[in-house]
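Below is my_file_31.txt, holding compact mmCIF, C-alpha atoms.
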# COMPACT_ATOMS: atom_id res chain seq x y z
CA MET A 1 -34.79 -34.10 5.48
CA VAL A 2 -34.10 -31.43 2.87
CA TYR A 3 -35.44 -31.78 -0.68
CA THR A 4 -33.10 -33.92 -2.74
CA ASP A 5 -33.26 -36.94 -5.00
CA PHE A 6 -29.63 -37.70 -4.39
CA THR A 7 -28.57 -40.28 -1.85
CA MET A 8 -25.77 -39.23 0.44
CA ARG A 9 -24.09 -42.53 -0.40
CA GLY A 10 -23.88 -41.50 -4.04
CA VAL A 11 -22.67 -38.03 -3.19
CA PHE A 12 -20.08 -39.47 -0.80
CA SER A 13 -18.80 -41.81 -3.51
CA LEU A 14 -18.43 -38.92 -5.95
CA ALA A 15 -16.77 -36.86 -3.26
CA CYS A 16 -14.20 -39.59 -2.69
CA PHE A 17 -13.63 -39.78 -6.45
CA ILE A 18 -13.08 -36.01 -6.70
CA THR A 19 -10.70 -36.07 -3.75
CA SER A 20 -8.74 -38.99 -5.21
CA LEU A 21 -8.27 -37.07 -8.45
CA GLY A 22 -6.96 -34.08 -6.55
CA LEU A 23 -9.35 -31.72 -8.33
CA LEU A 24 -9.67 -29.51 -5.27
CA GLY A 25 -5.94 -28.91 -5.24
CA ARG A 26 -5.57 -27.42 -8.70
CA VAL A 27 -5.54 -23.79 -9.73
CA VAL A 28 -8.53 -22.82 -11.85
CA ALA A 29 -10.19 -19.60 -12.95
CA PHE A 30 -13.08 -18.29 -10.90
CA ASP A 31 -16.33 -18.93 -12.73
CA LEU A 32 -19.38 -17.21 -11.26
CA SER A 33 -21.75 -19.33 -13.36
CA ARG A 34 -20.89 -22.55 -11.51
CA ASN A 35 -23.09 -24.00 -8.78
CA ASP A 36 -20.28 -25.24 -6.53
CA ASN A 37 -18.41 -22.07 -5.56
CA LEU A 38 -17.38 -21.46 -1.96
CA ALA A 39 -17.05 -17.99 -0.42
CA VAL A 40 -15.49 -17.76 3.05
CA TYR A 41 -15.20 -14.58 5.08
CA TRP A 42 -11.82 -13.79 6.59
CA GLY A 43 -10.66 -11.07 8.95
CA GLN A 44 -12.65 -11.31 12.20
CA ASP A 45 -10.63 -14.01 13.98
CA SER A 46 -13.81 -15.64 15.23
CA ALA A 47 -11.96 -18.73 16.49
CA GLY A 48 -9.20 -16.74 18.19
CA ASN A 49 -6.50 -18.36 16.05
CA GLN A 50 -6.79 -16.59 12.70
CA GLN A 51 -3.83 -17.04 10.36
CA ARG A 52 -2.74 -14.60 7.70
CA LEU A 53 -4.85 -14.61 4.53
CA SER A 54 -2.39 -16.57 2.37
CA TYR A 55 -2.55 -19.48 4.83
CA TYR A 56 -6.09 -20.19 3.67
CA CYS A 57 -5.16 -20.10 -0.02
CA LYS A 58 -2.94 -23.15 -0.02
CA ASP A 59 -5.51 -25.35 -1.77
CA SER A 60 -8.45 -24.77 -4.11
CA THR A 61 -11.18 -25.26 -1.52
CA VAL A 62 -12.18 -21.62 -1.25
CA ASP A 63 -13.03 -19.56 -4.34
CA VAL A 64 -13.80 -16.14 -2.82
CA PHE A 65 -12.50 -14.39 0.28
CA PRO A 66 -14.53 -11.37 1.35
CA ILE A 67 -12.19 -9.74 3.87
CA ALA A 68 -14.01 -8.09 6.79
CA PHE A 69 -14.42 -5.27 7.53
CA LEU A 70 -14.36 -1.71 6.40
CA TYR A 71 -16.72 -0.81 9.21
CA ILE A 72 -16.71 2.99 9.39
CA PHE A 73 -17.51 4.90 6.21
CA ARG A 74 -16.40 8.35 7.37
CA GLY A 75 -13.71 8.40 10.03
CA THR A 76 -11.03 10.86 11.08
CA GLY A 77 -9.77 12.94 8.21
CA GLY A 78 -12.70 11.84 6.06
CA GLU A 79 -11.17 8.42 5.43
CA PRO A 80 -12.86 5.07 6.18
CA VAL A 81 -11.73 2.69 8.93
CA ILE A 82 -10.74 -0.95 8.37
CA ASP A 83 -9.87 -3.64 10.89
CA PHE A 84 -8.78 -7.25 10.33
CA ALA A 85 -8.32 -8.30 13.96
CA ASN A 86 -4.93 -9.84 14.75
CA THR A 87 -3.63 -9.41 11.19
CA CYS A 88 -4.00 -5.67 10.68
CA ASN A 89 -5.73 -2.92 12.62
CA GLN A 90 -5.29 0.75 13.41
CA TRP A 91 -3.96 0.02 16.88
CA ASP A 92 -1.11 -2.36 16.07
CA GLN A 93 -0.07 -1.57 12.49
CA GLY A 94 -0.51 2.20 12.61
CA THR A 95 -2.50 4.54 10.40
CA PHE A 96 -1.98 6.99 7.59
CA PRO A 97 -1.27 10.49 9.00
CA GLY A 98 -4.34 12.43 10.04
CA THR A 99 -6.66 9.41 9.72
CA ASP A 100 -7.76 6.23 11.49
CA LEU A 101 -7.22 4.25 8.27
CA ALA A 102 -4.90 1.34 9.06
CA ASN A 103 -1.79 0.88 6.97
CA CYS A 104 -2.18 -2.75 5.88
CA THR A 105 0.45 -2.80 3.15
CA SER A 106 1.83 -5.89 4.90
CA MET A 107 -1.20 -7.74 3.49
CA ALA A 108 -0.43 -6.89 -0.14
CA GLN A 109 1.58 -10.02 -0.87
CA ASP A 110 -1.03 -12.25 0.78
CA ILE A 111 -3.72 -10.76 -1.44
CA LYS A 112 -1.60 -11.27 -4.54
CA THR A 113 -0.78 -14.84 -3.52
CA CYS A 114 -4.47 -15.70 -3.20
CA GLN A 115 -5.30 -14.01 -6.49
CA ALA A 116 -2.51 -15.89 -8.23
CA ALA A 117 -4.09 -19.10 -6.89
CA GLY A 118 -7.29 -18.24 -8.78
CA LYS A 119 -9.23 -16.78 -5.86
CA LEU A 120 -11.16 -13.53 -5.61
CA VAL A 121 -10.33 -11.23 -2.71
CA THR A 122 -13.03 -8.62 -2.07
CA LEU A 123 -13.55 -6.02 0.64
CA SER A 124 -16.61 -6.41 2.86
CA LEU A 125 -18.22 -3.21 4.07
CA GLY A 126 -20.37 -2.99 7.19
CA GLY A 127 -20.79 -5.73 9.76
CA ALA A 128 -23.04 -5.95 12.78
CA THR A 129 -21.55 -2.86 14.44
CA GLY A 130 -20.72 -0.86 11.33
CA GLN A 131 -21.02 2.92 11.33
CA VAL A 132 -22.40 3.16 7.83
CA GLY A 133 -25.00 4.82 5.66
CA PHE A 134 -25.55 7.75 3.29
CA SER A 135 -27.64 10.90 3.39
CA SER A 136 -27.88 11.31 -0.39
CA ASP A 137 -27.02 9.71 -3.72
CA SER A 138 -24.20 12.19 -4.19
CA GLN A 139 -22.64 11.21 -0.85
CA ALA A 140 -22.90 7.53 -1.82
CA GLU A 141 -21.27 8.22 -5.18
CA GLY A 142 -18.47 10.17 -3.51
CA PHE A 143 -17.80 7.28 -1.16
CA ALA A 144 -17.80 4.87 -4.10
CA ASP A 145 -15.10 6.99 -5.74
CA GLN A 146 -13.13 6.89 -2.49
CA VAL A 147 -13.38 3.08 -2.22
CA TRP A 148 -12.46 2.77 -5.90
CA ASN A 149 -9.31 4.85 -5.43
CA LEU A 150 -8.23 3.33 -2.11
CA PHE A 151 -8.84 -0.37 -2.76
CA LEU A 152 -9.84 -1.09 -6.36
CA GLY A 153 -8.72 0.15 -9.78
CA GLY A 154 -8.26 3.85 -9.04
CA GLU A 155 -5.30 5.80 -7.74
CA SER A 156 -4.63 7.53 -4.43
CA ASP A 157 -1.69 8.86 -2.43
CA ILE A 158 -2.68 6.37 0.24
CA ARG A 159 -3.46 2.75 -0.57
CA PRO A 160 -4.07 0.57 2.53
CA PHE A 161 -3.00 -2.56 0.63
CA GLY A 162 -0.19 -0.92 -1.30
CA ASN A 163 -0.11 -1.94 -4.94
CA ALA A 164 -2.55 -4.80 -4.41
CA VAL A 165 -5.88 -4.30 -6.22
CA LEU A 166 -8.91 -6.07 -4.77
CA ASP A 167 -11.46 -7.88 -6.93
CA GLY A 168 -14.56 -6.04 -5.75
CA VAL A 169 -16.70 -5.13 -2.77
CA ASP A 170 -19.24 -6.89 -0.58
CA LEU A 171 -22.03 -5.09 1.28
CA ASP A 172 -22.82 -6.65 4.67
CA ILE A 173 -25.07 -3.82 5.80
CA GLU A 174 -26.73 -4.48 9.14
CA SER A 175 -27.27 -0.98 10.55
CA GLY A 176 -27.92 2.59 9.53
CA THR A 177 -30.41 3.62 6.86
CA PRO A 178 -31.07 1.54 3.73
CA ALA A 179 -31.17 4.45 1.30
CA HIS A 180 -28.72 5.30 -1.49
CA TYR A 181 -26.79 2.02 -1.68
CA ALA A 182 -27.94 1.54 -5.27
CA ALA A 183 -26.16 4.79 -6.18
CA PHE A 184 -22.99 3.46 -4.52
CA VAL A 185 -23.13 0.21 -6.48
CA LYS A 186 -23.84 1.90 -9.78
CA ARG A 187 -20.94 4.31 -9.29
CA ILE A 188 -18.50 1.48 -8.56
CA ARG A 189 -19.64 -0.27 -11.72
CA SER A 190 -19.34 2.95 -13.71
CA ASN A 191 -15.80 3.54 -12.44
CA ALA A 192 -14.94 0.00 -13.48
CA GLY A 193 -16.43 0.45 -16.94
CA LEU A 194 -19.10 -2.15 -16.16
CA THR A 195 -22.30 -0.18 -16.69
CA GLY A 196 -24.77 -2.46 -18.46
CA LEU A 197 -22.51 -5.49 -18.06
CA ASN A 198 -22.48 -8.53 -15.81
CA ALA A 199 -19.79 -11.16 -15.40
CA THR A 200 -21.04 -13.17 -18.39
CA THR A 201 -21.32 -10.29 -20.85
CA PHE A 202 -18.02 -8.84 -19.63
CA ALA A 203 -16.24 -12.14 -20.32
CA ARG A 204 -17.80 -12.29 -23.76
CA ASN A 205 -16.65 -8.75 -24.54
CA ALA A 206 -13.17 -9.44 -23.16
CA THR A 207 -12.85 -12.42 -25.51
CA ALA A 208 -13.91 -10.28 -28.44
CA ARG A 209 -11.37 -7.60 -27.48
CA ALA A 210 -8.62 -10.20 -27.24
CA ASP A 211 -9.47 -11.55 -30.69
CA SER A 212 -9.58 -8.03 -32.11
CA THR A 213 -6.20 -7.22 -30.57
CA THR A 214 -4.67 -10.35 -32.07
CA HIS A 215 -5.98 -9.60 -35.56
CA ALA A 216 -4.94 -5.97 -35.38
CA GLY A 217 -1.51 -6.64 -33.98
CA HIS A 218 0.34 -6.54 -37.27
CA ALA A 219 -1.36 -3.28 -38.25
CA THR A 220 -0.39 -1.69 -34.94
CA ALA A 221 3.23 -2.66 -35.42
CA THR A 222 3.24 -1.36 -39.00
CA ASN A 223 1.87 2.03 -38.04
CA HIS A 224 3.63 2.40 -34.69
CA HIS A 225 6.05 5.05 -35.97
CA ASN A 226 3.11 7.29 -36.93
CA ASP A 227 1.65 7.21 -33.43
CA ASN A 228 4.46 8.74 -31.38
CA GLU A 229 3.22 12.34 -31.58
CA LYS A 230 -0.42 11.33 -31.01
CA ASN A 231 0.38 9.31 -27.88
CA ALA A 232 2.37 12.14 -26.34
CA SER A 233 -0.84 13.92 -25.34
CA ALA A 234 -3.14 10.92 -24.89
CA ALA A 235 -5.31 10.82 -21.76
CA VAL A 236 -4.62 8.07 -19.23
CA ASP A 237 -7.43 5.55 -18.82
CA VAL A 238 -7.17 4.24 -15.27
CA THR A 239 -9.86 1.59 -15.85
CA ASN A 240 -8.31 -1.81 -16.42
CA LYS A 241 -10.63 -3.27 -19.02
CA ASP A 242 -9.28 -6.78 -18.53
CA LYS A 243 -10.40 -6.97 -14.91
CA TYR A 244 -13.95 -7.57 -13.74
CA TYR A 245 -14.88 -6.11 -10.36
CA TYR A 246 -17.48 -8.16 -8.47
CA ILE A 247 -20.18 -6.65 -6.26
CA THR A 248 -21.89 -8.88 -3.72
CA ALA A 249 -24.15 -8.48 -0.70
CA ALA A 250 -24.86 -10.51 2.43
CA PRO A 251 -28.56 -10.05 3.25
CA GLN A 252 -30.21 -11.87 6.12
CA CYS A 253 -32.66 -14.55 5.07
CA PRO A 254 -35.93 -12.75 6.02
CA TYR A 255 -37.15 -11.29 2.74
CA PRO A 256 -36.80 -8.52 1.85
CA ASP A 257 -33.68 -7.59 3.78
CA ALA A 258 -34.27 -4.50 5.91
CA TYR A 259 -31.01 -2.75 5.02
CA ILE A 260 -29.94 -3.80 1.54
CA GLY A 261 -33.19 -5.14 0.09
CA ALA A 262 -34.09 -2.02 -1.90
CA ALA A 263 -30.63 -1.77 -3.46
CA LEU A 264 -30.79 -5.42 -4.53
CA ASN A 265 -33.74 -4.51 -6.75
CA GLU A 266 -32.33 -1.21 -8.02
CA ALA A 267 -28.68 -2.01 -8.81
CA PRO A 268 -26.95 -5.05 -10.34
CA PHE A 269 -25.22 -7.35 -7.87
CA ASP A 270 -23.22 -10.38 -9.02
CA ALA A 271 -24.09 -12.58 -6.05
CA VAL A 272 -25.89 -12.51 -2.72
CA TYR A 273 -24.60 -14.50 0.26
CA VAL A 274 -27.87 -15.01 2.12
CA GLN A 275 -27.32 -15.51 5.85
CA PHE A 276 -29.41 -18.56 6.70
CA TYR A 277 -28.50 -18.39 10.38
CA ASN A 278 -29.39 -16.35 13.45
CA ASN A 279 -32.90 -16.02 12.00
CA TYR A 280 -36.20 -17.94 11.99
CA CYS A 281 -35.51 -18.97 8.36
CA GLY A 282 -32.13 -20.50 9.18
CA LEU A 283 -30.75 -23.88 8.21
CA ASP A 284 -31.76 -25.26 11.59
CA GLN A 285 -35.41 -24.41 10.83
CA PRO A 286 -36.16 -26.48 7.70
CA SER A 287 -39.88 -25.69 7.72
CA ASP A 288 -39.14 -21.94 7.45
CA TYR A 289 -36.03 -22.16 5.27
CA ASN A 290 -36.76 -19.88 2.31
CA PHE A 291 -34.19 -20.29 -0.45
CA ALA A 292 -37.12 -20.61 -2.89
CA THR A 293 -38.09 -17.02 -2.04
CA TRP A 294 -34.62 -15.78 -2.88
CA ASP A 295 -34.57 -17.77 -6.11
CA THR A 296 -37.85 -16.11 -7.11
CA TRP A 297 -36.32 -12.72 -6.33
CA ALA A 298 -33.28 -13.57 -8.47
CA GLN A 299 -35.41 -14.51 -11.45
CA THR A 300 -38.09 -11.81 -11.22
CA LYS A 301 -36.83 -8.72 -9.36
CA SER A 302 -33.03 -8.63 -9.38
CA ALA A 303 -31.48 -5.85 -11.45
CA ASN A 304 -29.03 -8.49 -12.70
CA PRO A 305 -30.89 -11.45 -14.25
CA ALA A 306 -27.75 -13.56 -13.91
CA VAL A 307 -27.30 -12.97 -10.16
CA ARG A 308 -26.20 -15.99 -8.12
CA VAL A 309 -27.68 -16.86 -4.72
CA TYR A 310 -25.50 -18.58 -2.11
CA ILE A 311 -26.50 -20.49 1.00
CA GLY A 312 -24.82 -18.69 3.89
CA ALA A 313 -23.91 -20.96 6.81
CA PRO A 314 -21.83 -20.90 10.00
CA GLY A 315 -18.47 -22.67 9.80
CA SER A 316 -18.90 -24.12 13.27
CA SER A 317 -21.28 -24.10 16.22
CA ASP A 318 -19.25 -21.19 17.64
CA SER A 319 -19.71 -19.08 14.50
CA ALA A 320 -23.31 -18.08 15.14
CA GLY A 321 -25.88 -17.91 17.89
CA GLU A 322 -28.05 -20.38 16.00
CA GLY A 323 -28.29 -21.98 12.59
CA TYR A 324 -25.26 -24.27 12.57
CA VAL A 325 -25.78 -27.65 10.88
CA SER A 326 -23.41 -30.49 10.10
CA VAL A 327 -21.60 -30.87 6.78
CA GLY A 328 -23.96 -33.70 5.89
CA THR A 329 -27.08 -31.63 6.53
CA LEU A 330 -25.67 -28.63 4.67
CA ALA A 331 -24.74 -30.96 1.79
CA ASP A 332 -28.40 -32.04 1.60
CA TYR A 333 -29.49 -28.42 1.33
CA VAL A 334 -26.88 -27.84 -1.38
CA ALA A 335 -27.85 -30.89 -3.43
CA GLY A 336 -31.48 -29.82 -3.33
CA ALA A 337 -30.62 -26.28 -4.43
CA GLN A 338 -28.38 -27.50 -7.24
CA GLU A 339 -31.21 -29.66 -8.54
CA LYS A 340 -34.08 -27.18 -8.18
CA TYR A 341 -32.83 -23.61 -8.46
CA ALA A 342 -31.17 -22.06 -11.48
CA SER A 343 -29.85 -19.14 -9.43
CA PHE A 344 -27.92 -21.28 -6.95
CA GLY A 345 -24.22 -20.42 -6.97
CA GLY A 346 -22.69 -22.14 -3.97
CA VAL A 347 -22.10 -21.75 -0.25
CA MET A 348 -20.88 -18.89 1.92
CA LEU A 349 -19.27 -19.63 5.30
CA TRP A 350 -18.63 -17.44 8.31
CA ASP A 351 -15.69 -17.68 8.78
CA ALA A 352 -12.28 -19.05 7.76
CA SER A 353 -10.82 -19.49 11.22
CA THR A 354 -13.82 -21.35 12.65
CA ALA A 355 -14.27 -23.54 9.57
CA TYR A 356 -10.62 -24.59 9.70
CA THR A 357 -10.79 -25.28 13.42
CA ASN A 358 -13.95 -27.34 12.87
CA SER A 359 -12.16 -30.21 11.11
CA ARG A 360 -11.91 -28.25 7.85
CA PHE A 361 -15.67 -27.74 7.54
CA ASP A 362 -14.91 -25.70 4.42
CA ARG A 363 -13.23 -28.60 2.66
CA GLY A 364 -15.96 -31.01 3.68
CA ILE A 365 -18.77 -28.94 2.18
CA LYS A 366 -16.76 -28.03 -0.92
CA THR A 367 -16.06 -31.68 -1.67
CA ALA A 368 -19.70 -32.67 -1.18
CA MET A 369 -20.88 -29.68 -3.21
CA ALA A 370 -18.60 -30.49 -6.13
CA ALA A 371 -19.81 -34.09 -6.11
CA SER A 372 -23.53 -33.27 -6.07
CA GLY A 373 -22.88 -30.57 -8.67
CA LEU A 374 -21.59 -33.20 -11.07
CA GLN A 375 -24.80 -35.16 -10.59
CA SER A 376 -27.08 -32.15 -11.10
CA ARG A 377 -25.18 -30.74 -14.08
CA PRO A 378 -23.32 -33.61 -15.75
CA GLU A 379 -22.65 -31.44 -18.80
CA GLU A 380 -20.52 -29.08 -16.71
CA PRO A 381 -16.85 -30.09 -16.62
CA PRO A 382 -15.33 -30.77 -13.21
CA ARG A 383 -12.86 -28.28 -11.84
CA SER A 384 -9.48 -28.85 -13.42
CA ALA A 385 -6.21 -27.13 -14.17
CA SER A 386 -7.20 -26.47 -17.76
CA SER A 387 -8.11 -22.82 -17.23
CA THR A 388 -6.25 -19.90 -15.75
CA ARG A 389 -7.64 -16.87 -14.02
CA ALA A 390 -8.91 -14.39 -16.60
CA THR A 391 -8.50 -11.18 -14.65
CA SER A 392 -6.21 -8.21 -14.70
CA THR A 393 -2.48 -8.70 -14.54
CA ARG A 394 -2.54 -5.74 -12.20
CA THR A 395 -3.19 -7.41 -8.86
CA SER A 396 -4.20 -5.63 -5.78
CA ALA A 397 -3.87 -4.58 -2.95
CA ARG A 398 -12.17 -6.07 11.44
CA PRO A 399 -13.66 -4.92 13.26
CA ALA A 400 -11.74 -7.23 15.60
CA ARG A 401 -13.12 -10.13 17.57
CA THR A 402 -14.68 -9.07 20.88
CA SER A 403 -17.75 -9.69 22.97
CA HIS A 404 -21.22 -8.53 21.88
CA ALA A 405 -20.79 -5.02 23.20
CA HIS A 406 -18.66 -2.30 21.68
CA THR A 407 -16.14 -1.59 24.42
CA GLU A 408 -15.09 1.96 25.15
CA GLN A 409 -13.99 1.66 28.75
CA GLU A 410 -11.05 3.72 29.93
CA GLY A 411 -7.82 2.11 28.84
CA VAL A 412 -9.54 -0.35 26.54
CA ARG A 413 -9.11 0.15 22.83
CA PRO A 414 -12.48 0.15 20.99
CA ARG A 415 -13.07 -2.68 18.58
CA ALA A 416 -16.13 -3.66 16.58
CA THR A 417 -17.89 -6.86 17.49
CA SER A 418 -17.72 -9.93 15.30
CA ARG A 419 -20.03 -9.94 12.32
CA PHE A 420 -21.86 -13.13 13.16
CA PHE A 421 -23.57 -11.57 16.18
CA ARG A 422 -26.87 -10.04 15.18
CA VAL A 423 -27.82 -6.58 16.38
Using structure tokens, write down the structure that the file contains.
Amino acid sequence: MVYTDFTMRGVFSLACFITSLGLLGRVVAFDLSRNDNLAVYWGQDSAGNQQRLSYYCKDSTVDVFPIAFLYIFRGTGGEPVIDFANTCNQWDQGTFPGTDLANCTSMAQDIKTCQAAGKLVTLSLGGATGQVGFSSDSQAEGFADQVWNLFLGGESDIRPFGNAVLDGVDLDIESGTPAHYAAFVKRIRSNAGLTGLNATTFARNATARADSTTHAGHATATNHHNDNEKNASAAVDVTNKDKYYYITAAPQCPYPDAYIGAALNEAPFDAVYVQFYNNYCGLDQPSDYNFATWDTWAQTKSANPAVRVYIGAPGSSDSAGEGYVSVGTLADYVAGAQEKYASFGGVMLWDASTAYTNSRFDRGIKTAMAASGLQSRPEEPPRSASSTRATSTRTSARPARTSHAHTEQEGVRPRATSRFFRV
């Protein structure tokens, strides 16, 4: 049994209460500081029946969708390569001229729909078969600029998701060399105007700016006629200061992670989705389960003292080679983490299609997590419709599912293997 003082009967009763109130069906703002957030990867079609992204945004169960993957950093024409299985890929939807970068503008409205429902949509880089890595800090910074312009708040002649602007990036680095990722992260944060800020301090500053704007409004109107000539030559600031861009990582549970571990200490991440599966420290190995180690890292070594640590879990027994546990067992792990660890932020699932197919595993753990969260932090208000998403009004814009091996046989189009298979 996992450490917890809560009885499952009590948690189940609270879960029923939350469900009866419909709290999981209301639109709320994303709040990184909570301990009941749910991040669910989308894009790999692990169950073979993946629906379009907006299908999974119909209720408030999921808070964050890392969409997977951008799996080649430098492809044809110097552009990266993205693939979202049956929804969008370079083979079926076509590419931008002279590149292997898929034209996924058909996903723009889905992204905006999910964002309007209060969810974050981020781009996951890497995967188990990713062709990734940097040879220098300058190369990493150049790639960060490229990602910023293609998918985030910058500008480019080609935008794979059209006018949709994603909410950040996720690093699921499982191959290549571990060097220079800190430079990548820092450059993204610099482009976003977030140097020296985390989600909490950014929100505080945004509130102050809003108050200042309100108080200064009448003065701006009074002096507007004097500003016409000045504004004619004003530089354009492409950074949207009302939007926070999140940076997350998905390390494997053995500490430190072989590929992203150094960067986690050198650059500020908002959250880490620790993969407690397909490893000796997985959820199915309670004696070796090491969330405490990651909590210690968060409080003593992380470059962001407010970083949140998530329990990463498979959404079904088909989602991973090993490590799958039932909703009830995962709920026990969650309740224990909510009670004991200040860094705990929620649960990550791989992936949307398998969790849905598995009797809505995502909803089951979210309901249990919200219930135990109320017991561990009674001062924190339950999720409600009282808040709206405090992000930019400018919304944004798979490797596909295959067997373990990367197939390059004659007549067979190459696809990257699903992320949940370990290399």
**Prompt:** Between A:Pro160, A:Pro178, A:Gly127, A:Gly328, which has the minimum distance to Gly364 of chain A (counting only C-alpha atoms)?
**Reply:** A:Gly328
**Request:** Go ahead and compute the interatomic distance for atom CA of Asp36 of chain A and atom CA of Gln285 of chain A, in Å to one decimal.
**Result:** 23.0 Å
**Neighbour list for Ala352 of chain A as a PyMOL selection string, cut-off 7 Å, all atoms listed in the file, skip fewer than 5 positions in-chain** = chain A and resi 40-42
**Prompt:** Suppose you want the space between atom CA of Thr113 of chain A and atom CA of Cys57 of chain A; what is it in Å?
**Reply:** 7.7 Å
**Request:** Just the residues within 12 Å of Pro381 of chain A, please, counting only C-alpha atoms, with nothing from its chain fewer than 6 positions along; format it as an MDAnalysis selection string.
**Result:** chainID A and resid 23 31 34:36 370:371 373:375 387
Could you dump the residues just selected with C-alpha atoms as a PDB file, in the coordinates of the input?
ATOM      1  CA  LEU A  23      -9.350 -31.720  -8.330  1.00  0.00           C
ATOM      2  CA  ASP A  31     -16.330 -18.930 -12.730  1.00  0.00           C
ATOM      3  CA  ARG A  34     -20.890 -22.550 -11.510  1.00  0.00           C
ATOM      4  CA  ASN A  35     -23.090 -24.000  -8.780  1.00  0.00           C
ATOM      5  CA  ASP A  36     -20.280 -25.240  -6.530  1.00  0.00           C
ATOM      6  CA  ALA A 370     -18.600 -30.490  -6.130  1.00  0.00           C
ATOM      7  CA  ALA A 371     -19.810 -34.090  -6.110  1.00  0.00           C
ATOM      8  CA  GLY A 373     -22.880 -30.570  -8.670  1.00  0.00           C
ATOM      9  CA  LEU A 374     -21.590 -33.200 -11.070  1.00  0.00           C
ATOM     10  CA  GLN A 375     -24.800 -35.160 -10.590  1.00  0.00           C
ATOM     11  CA  SER A 387      -8.110 -22.820 -17.230  1.00  0.00           C
TER      12      SER A 387
END
**Request:** Figure out the distance between atom CA of Ser316 of chain A and atom CA of Ala368 of chain A, please, to one decimal in Å.
**Result:**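 Separation of atom CA of Ala368 of chain A and atom CA of Ser316 of chain A: 16.8 Å.
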**Request:** With a distance cut-off of 12 Å and only C-alpha atoms, select the neighbouring residues of Asp157 of chain A, excluding the residue or stretch itself and same-chain residues fewer than 5 positions from it, and output the selection as an MDAnalysis selection string.
**Result:** chainID A and resid 96:97 146 149:151 162:163
Output C-alpha atoms of each residue in that selection to a file, as a PDB file, keeping the file's coordinate frame.
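This is the output file part-v9.pdb:
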ATOM      1  CA  PHE A  96      -1.980   6.990   7.590  1.00  0.00           C
ATOM      2  CA  PRO A  97      -1.270  10.490   9.000  1.00  0.00           C
ATOM      3  CA  GLN A 146     -13.130   6.890  -2.490  1.00  0.00           C
ATOM      4  CA  ASN A 149      -9.310   4.850  -5.430  1.00  0.00           C
ATOM      5  CA  LEU A 150      -8.230   3.330  -2.110  1.00  0.00           C
ATOM      6  CA  PHE A 151      -8.840  -0.370  -2.760  1.00  0.00           C
ATOM      7  CA  GLY A 162      -0.190  -0.920  -1.300  1.00  0.00           C
ATOM      8  CA  ASN A 163      -0.110  -1.940  -4.940  1.00  0.00           C
TER       9      ASN A 163
END
**Prompt:** Which is closest to Ser376 of chain A among A:Tyr245, A:Phe73, A:Tyr341, A:Tyr277, if we use all atoms listed in the file?
**Reply:**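 Looking only at the distances to Ser376 of chain A, the closest residue turns out to be A:Tyr341.
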**Item:** Nearest to Asp318 of chain A, chosen from A:Ile365, A:Ala355, A:Cys114, A:Ala303, with all atoms listed in the file counted in the distances
**Value:** A:Ala355
**Message:** Set the distance at 10 Å and use only C-alpha atoms: which residues neighbour Gly78 of chain A once local chain neighbours fewer than 5 positions away are removed? I'd like the list as a list in words.
**Reply:** Phe73, Gly98, Thr99, Asp100, Leu101, Phe143 and Gln146 of chain A
**All residues 8 Å or closer to segment 288-296 of chain A, only C-alpha atoms, same chain fewer than 2 positions away omitted, as a PyMOL selection string** = chain A and resi 253+255+276+280-283+285-286+298-301+309+311+341-344
**Request:** Identify the residues around (-20.8, -17.7, -10.9) within a radius of 9 Å, measuring from all atoms listed in the file in the coordinates stated by the file, and give them as number ranges by chain.
**Result:** A: 30-37, 199-200, 270-271, 306-308, 344-346
